[in-house]
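Colleague: This is the structure I want to talk about, given as structure tokens.
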Protein chains: 2
Amino acid sequence: MYFSRMIAITFLGFGNVNSHLCKAFFNSGNVAVKQIYNHREIELPDYLQEVQLVTQLTDLKKADVYIIGIPDDEIAAFSQRLPEQNGLVVHTSGSVDIQALFPHSSRGIFYPLQTFSRKKEINFKNIPICLEAGDASDLVLLQQLGNCISEKVVEINSEQRAQLHLAAVFVNNFVNHLYAISEEILAEKKLDFDLLKPLIAETASKIEYLNPSEAQTGPAKRNDLNTLQKHVALLENSPYREIYKSLTASIQAIQSH
Amino acid sequence: MYFSRMIAITFLGFGNVNSHLCKAFFNSGNVAVKQIYNHREIELPDYLQEVQLVTQLTDLKKADVYIIGIPDDEIAAFSQRLPEQNGLVVHTSGSVDIQALFPHSSRGIFYPLQTFSRKKEINFKNIPICLEAGDASDLVLLQQLGNCISEKVVEINSEQRAQLHLAAVFVNNFVNHLYAISEEILAEKKLDFDLLKPLIAETASKIEYLNPSEAQTGPAKRNDLNTLQKHVALLENSPYREIYKSLTASIQAIQSH
């Protein structure tokens with residue numbers, strides 16, 4: 001992709017999301033990292049040695065886009081403290097409304113729909129980048145930015161984004177918790193969690209060619225009361241018994257539609 | 001692997017599990033498929049054209065191992081009807097006790113811990129094969145058989161297997177149901193389920209290098225009450241509100257340990 005000039009980005013906060021985004025933008029070659037703001041001194045990775053780190057918001061210089069990457073519940077207050085910039089101010093959160101960026105006149109969302117770990121490199125190419133902007137020219141700028149790192153750039157309004165984030169909680173946070181529960185269930189009988197890893201991988205990859213509702217199997221789906229009773233008995237003193245019952249009832253309710 | 005002679009196997013039932021197992025054993029080259037019993041006529045795949053299909057249990061001939069692959073709740077009754085064989089009778093179920101194979105004197109379990117789909121070829125190499133046998137020589141035979149197709153052959157007693165199957169329900173059936181819920185949540189706002197697929201894949205692959213408890217993120221984990229309230233409000237008229245609340249409470253309970 002060709003731009004008449006590089007897009008200049010300043011990162012506000014340098015946590016999980018922003019540090020991954022920064023790396024991806026840097027590697028794309030189409031973006032200039034202007035400054036990095038963090039509320040306290042941090043050590044920047046080697047590839048950013050020529051980039052200025054600032055710890056005072058008053059030291060910010062002009063950039064095309066300012067990307068806020070801080071905890072969700074701090075975005076609105078941070079936005080109030082951030083001096084008005086002659087550039088587009090965006091945040092990266094799935095659950096925070098665009099209005100939280102008030103009073104900045106140019107505001108938008110740049111939400112990469114993925115879970116990030118400090119240590120693991122992320123390939124953004126297939127990660128949906130969900131955009132929202134206050135006006136059309138800002139949207140174009142965010143689309144250019146999104147296209148630098150991903151092939152899946154989509155416009156999503158705040159209402160849709162809230163719904164998307166809710167669904168993401170089910171498939172990421174809740175699914176991971178079910179993994180944790182199963183690890184605990186196995187540990188009780190001295191069984192290694194590794195035994196379940198091929199099943200976990202296959203369950204996740206199945207939805208590439210089957211809808212989840214078509215892929216559903218198991219005792220709840222086939223109403224195998226004998227197995228369901230055995231499982232509830234195994235969970236007699238477990239904190240996970242109610243979760244077993246409610247997920248089973250939910251699968252059965254879909255079946256009976 | 002070298003055997004003085006091929007192990008002769010007869011499959012009893014030819015559903016999802018047995019047809020995948022049969023293919024894998026055939027491809028290993030170390031196993032002879034003796035007969036296939038099914039309660040009604042079926043068309044066998046091309047590679048089995050030389051194998052006899054029988055629909056009467058009285059037509060069974062001598063084999064080293066008889067593998068029962070039928071619905072869990074039919075195994076005990078089927079085993080009673082099966083004439084006593086001069087060979088090892090096993091089933092492939094995660095949830096059925098070895099005693100269900102009474103009155104056969106040589107009995108065992110050959111439980112591949114994976115989810116199978118009719119259409120998708122399975123590579124057994126990394127799939128745990130969980131074995132149980134009534135005596136030591138039968139166990140050796142099952143180990144030989146397991147080693148033909150998998151590098152993860154483990155001895156698991158019936159009590160452990162029940163626990164393993166329970167855990168498998170959490171990471172397979174329940175996880176898949178969470179995928180189905182999220183698909184429904186997205187559809188309400190005309191959002192495509194494909195948006196979540198990279199997140200689903202990453203969530204599953206994360207446990208390769210982090211324990212699930214270490215990998216836990218999200219509003220419940222960080223006790224982000226604002227986001228939790230928004231989500232519960234979004235689910236106001238949803239059948240999934242209670243599941244959201246109980247999984248959130250369960251994550252929070254672990255956090256507060």
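In the structure tokens, chains take the letters A, B, ... in the order shown, each chain's residues start at 1, and ligands count up from 1 in the order shown.
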Where in segment 97-232 of chain A does DSSP assign alpha helix (DSSP H), given as a ChimeraX atom specification?

Modeller: /A:136-149,158-168,175-188,197-206,212-215,225-232

Colleague: Using only C-alpha atoms and a cut-off of 7 Å, which residues of chain B sit close to chain A? Please list them as a ChimeraX atom specification.

Modeller: /B:95,113-115,126-128,160,163-164,166-180,182,185-186,189,195-196,198-201,203-204,212-213,216-218,227,231,243,246-247,251

Colleague: Give me a file of those residues, with C-alpha atoms, as an mmCIF file, in the first residue's frame.

Modeller:
```cif
data_model
loop_
_atom_site.group_PDB
_atom_site.id
_atom_site.type_symbol
_atom_site.label_atom_id
_atom_site.label_comp_id
_atom_site.auth_asym_id
_atom_site.auth_seq_id
_atom_site.Cartn_x
_atom_site.Cartn_y
_atom_site.Cartn_z
ATOM 1 C CA SER B 95 -18.418 -42.845 30.296
ATOM 2 C CA LEU B 113 -10.095 -38.997 23.725
ATOM 3 C CA GLN B 114 -11.252 -36.924 20.781
ATOM 4 C CA THR B 115 -14.386 -35.634 19.084
ATOM 5 C CA ASN B 126 -1.429 -37.195 19.060
ATOM 6 C CA ILE B 127 -4.768 -38.433 20.335
ATOM 7 C CA PRO B 128 -4.611 -39.999 23.789
ATOM 8 C CA GLN B 160 -10.340 -41.836 36.203
ATOM 9 C CA GLN B 163 -13.590 -38.003 35.500
ATOM 10 C CA LEU B 164 -11.776 -37.515 32.194
ATOM 11 C CA LEU B 166 -16.650 -35.242 32.625
ATOM 12 C CA ALA B 167 -13.769 -32.823 31.978
ATOM 13 C CA ALA B 168 -14.074 -33.519 28.244
ATOM 14 C CA VAL B 169 -17.711 -32.413 28.395
ATOM 15 C CA PHE B 170 -16.564 -29.043 29.752
ATOM 16 C CA VAL B 171 -13.887 -28.417 27.109
ATOM 17 C CA ASN B 172 -15.791 -29.868 24.177
ATOM 18 C CA ASN B 173 -19.591 -29.854 24.554
ATOM 19 C CA PHE B 174 -19.810 -26.822 26.821
ATOM 20 C CA VAL B 175 -17.176 -24.826 24.978
ATOM 21 C CA ASN B 176 -18.961 -25.519 21.721
ATOM 22 C CA HIS B 177 -22.204 -24.346 23.293
ATOM 23 C CA LEU B 178 -20.513 -21.069 24.263
ATOM 24 C CA TYR B 179 -19.520 -20.708 20.612
ATOM 25 C CA ALA B 180 -23.177 -21.256 19.652
ATOM 26 C CA SER B 182 -21.898 -16.098 20.853
ATOM 27 C CA ILE B 185 -25.543 -12.884 20.282
ATOM 28 C CA LEU B 186 -23.808 -11.577 17.153
ATOM 29 C CA LYS B 189 -26.892 -7.159 15.737
ATOM 30 C CA LEU B 195 -15.312 -12.021 13.314
ATOM 31 C CA LEU B 196 -14.759 -14.217 16.377
ATOM 32 C CA PRO B 198 -9.327 -15.648 15.195
ATOM 33 C CA LEU B 199 -10.143 -15.052 18.870
ATOM 34 C CA ILE B 200 -11.482 -18.583 19.250
ATOM 35 C CA ALA B 201 -8.357 -20.049 17.659
ATOM 36 C CA THR B 203 -7.915 -18.788 23.021
ATOM 37 C CA ALA B 204 -7.492 -22.495 22.297
ATOM 38 C CA PRO B 212 -5.684 -21.835 31.753
ATOM 39 C CA SER B 213 -5.659 -20.165 35.155
ATOM 40 C CA GLN B 216 -7.522 -15.927 32.316
ATOM 41 C CA THR B 217 -8.371 -12.340 31.339
ATOM 42 C CA GLY B 218 -11.532 -10.269 31.046
ATOM 43 C CA THR B 227 -18.364 -3.667 32.063
ATOM 44 C CA HIS B 231 -23.073 -6.967 29.777
ATOM 45 C CA ILE B 243 -24.934 -18.451 32.311
ATOM 46 C CA SER B 246 -22.701 -17.919 36.970
ATOM 47 C CA LEU B 247 -19.514 -18.110 34.878
ATOM 48 C CA ILE B 251 -14.136 -16.696 37.739
#
```

Colleague: Please indicate the distance in Å from atom CA of Ala233 of chain B to atom CA of Lys245 of chain B, rounded to one decimal place.

Modeller: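 The value is 11.3 Å.
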
Colleague: Between B:Ile36, B:Val90, B:Ile75, B:Ala249, which one has atoms that come closest to Asp59 of chain B, using only C-alpha atoms?

Modeller: B:Ile36
